[in-house]
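Written below as structure tokens is the structure these notes are about.
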Amino acid sequence: QVQLVESGGGLVQAGGSLRLSCAASRSILTFNVMGWYRQAPGKQRELVAAYTSGTSTNYADSVKGRFTISRNNAKNTVYLQMNSLKPEDTAVYYCNARWRDNDYWGQGTQVTVSS
């Protein structure tokens with residue numbers, strides 16, 4: 001069983017920055033896909049950013065140029081640096097890892113951006 005533990009959420013004013021961390025219980029190099037999703041109240045969960053294969057990345061159009069995904073393989077940790085935050089970025093952010101047919105999720109961390 002894989003465990004993903006997120007941290008780094010919180011309350012920030014519009015224009016501010018936060019960095020989320022996701023620590024995995026095993027080597028992140030074993031995952032086919034690893035990244036971040038978010039879910040705002042009343043909305044579906046959506047992809048924010050992910051490593052899709054090797055070092056390739058995929059970003060939602062709404063966060064391109066503002067968010068950056070990165071990782072530290074030695075620490076089995078993936079990060080999401082979020083800059084120029086907007087109120088519409090408010091959501092619960094979830095770490096996701098995919099291995100073969102298995103999807104693993106963290107418990108989620110709340111990000112609230114005030115206007």
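By convention in this document, the chains of the structure tokens carry letters A, B, ... by their order, each chain's residues are numbered from 1, and ligands are numbered from 1 in the order they are shown.
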Just list as a VMD selection string whatever in chain A DSSP marks as strand (DSSP E or B).
chain A and resid 4 to 7 10 to 13 18 to 24 33 to 39 46 to 53 56 to 59 67 to 72 77 to 82 91 to 99 102 to 105 109 to 114
Contacts of range 60-62 of chain A at 12 Å (only C-alpha atoms; same-chain gap of 3+ positions) as a list of chain:residue names
A:Gly35, A:Trp36, A:Tyr37, A:Arg38, A:Glu46, A:Leu47, A:Val48, A:Ala49, A:Ala50, A:Thr57, A:Gly65, A:Arg66, A:Phe67, A:Thr68, A:Ile69, A:Met82, A:Ser84, A:Leu85, A:Lys86, A:Glu88, A:Asp89
Let me make sure I understand: among A:Trp99, A:Phe31, A:Tyr59, A:Tyr94, which one has the smallest atom-to-atom distance to Val111 in chain A if we use only C-alpha atoms?
A:Tyr94
Could you please determine the separation between CA of Gly9 in chain A and CA of Thr90 in chain A in Å, to one decimal place?
10.3 Å
In terms of the shortest atom-to-atom distance over only C-alpha atoms, which of A:Lys64, A:Ala91, A:Trp105, A:Thr55 is closest to Asn32 in chain A?
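Ranking A:Lys64, A:Ala91, A:Trp105, A:Thr55 by distance to Asn32 in chain A, first place goes to A:Thr55.
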Name the residues of range 54-110 of chain A that fall into helix (DSSP H, G or I) according to DSSP on the backbone, using the chain letters and numbers of this document, as a VMD selection string.
chain A and resid 61 to 63 73 to 75 87 to 89
Write out the residues from the selection above, keeping C-alpha atoms, as a tab-separated table (two decimals), in the first residue's frame.
```
chain	number	residue	atom	x	y	z
A	61	ASP	CA	-4.19	25.93	-18.64
A	62	SER	CA	-5.45	27.93	-15.68
A	63	VAL	CA	-2.17	27.54	-13.76
A	73	ASN	CA	13.77	11.77	-5.83
A	74	ALA	CA	16.05	11.19	-2.86
A	75	LYS	CA	13.30	12.40	-0.52
A	87	PRO	CA	-9.23	33.40	-5.24
A	88	GLU	CA	-10.29	30.86	-7.88
A	89	ASP	CA	-7.34	28.68	-6.85
```
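Using only C-alpha atoms, the smallest distance between any of A:Thr77, A:Ser114, A:Ser70, A:Asn102 and Cys22 in chain A comes from A:Thr77.
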Which is closest to Val12 in chain A among A:Gln44, A:Gln39, A:Asn83, A:Gln107, if we use only C-alpha atoms?
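The answer is A:Asn83, which sits nearest to Val12 in chain A.
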Measuring atom to atom with only C-alpha atoms, identify which of A:Gly108, A:Leu29, A:Glu6, A:Tyr79 is nearest to Gly54 in chain A.
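Closest candidate: A:Leu29.
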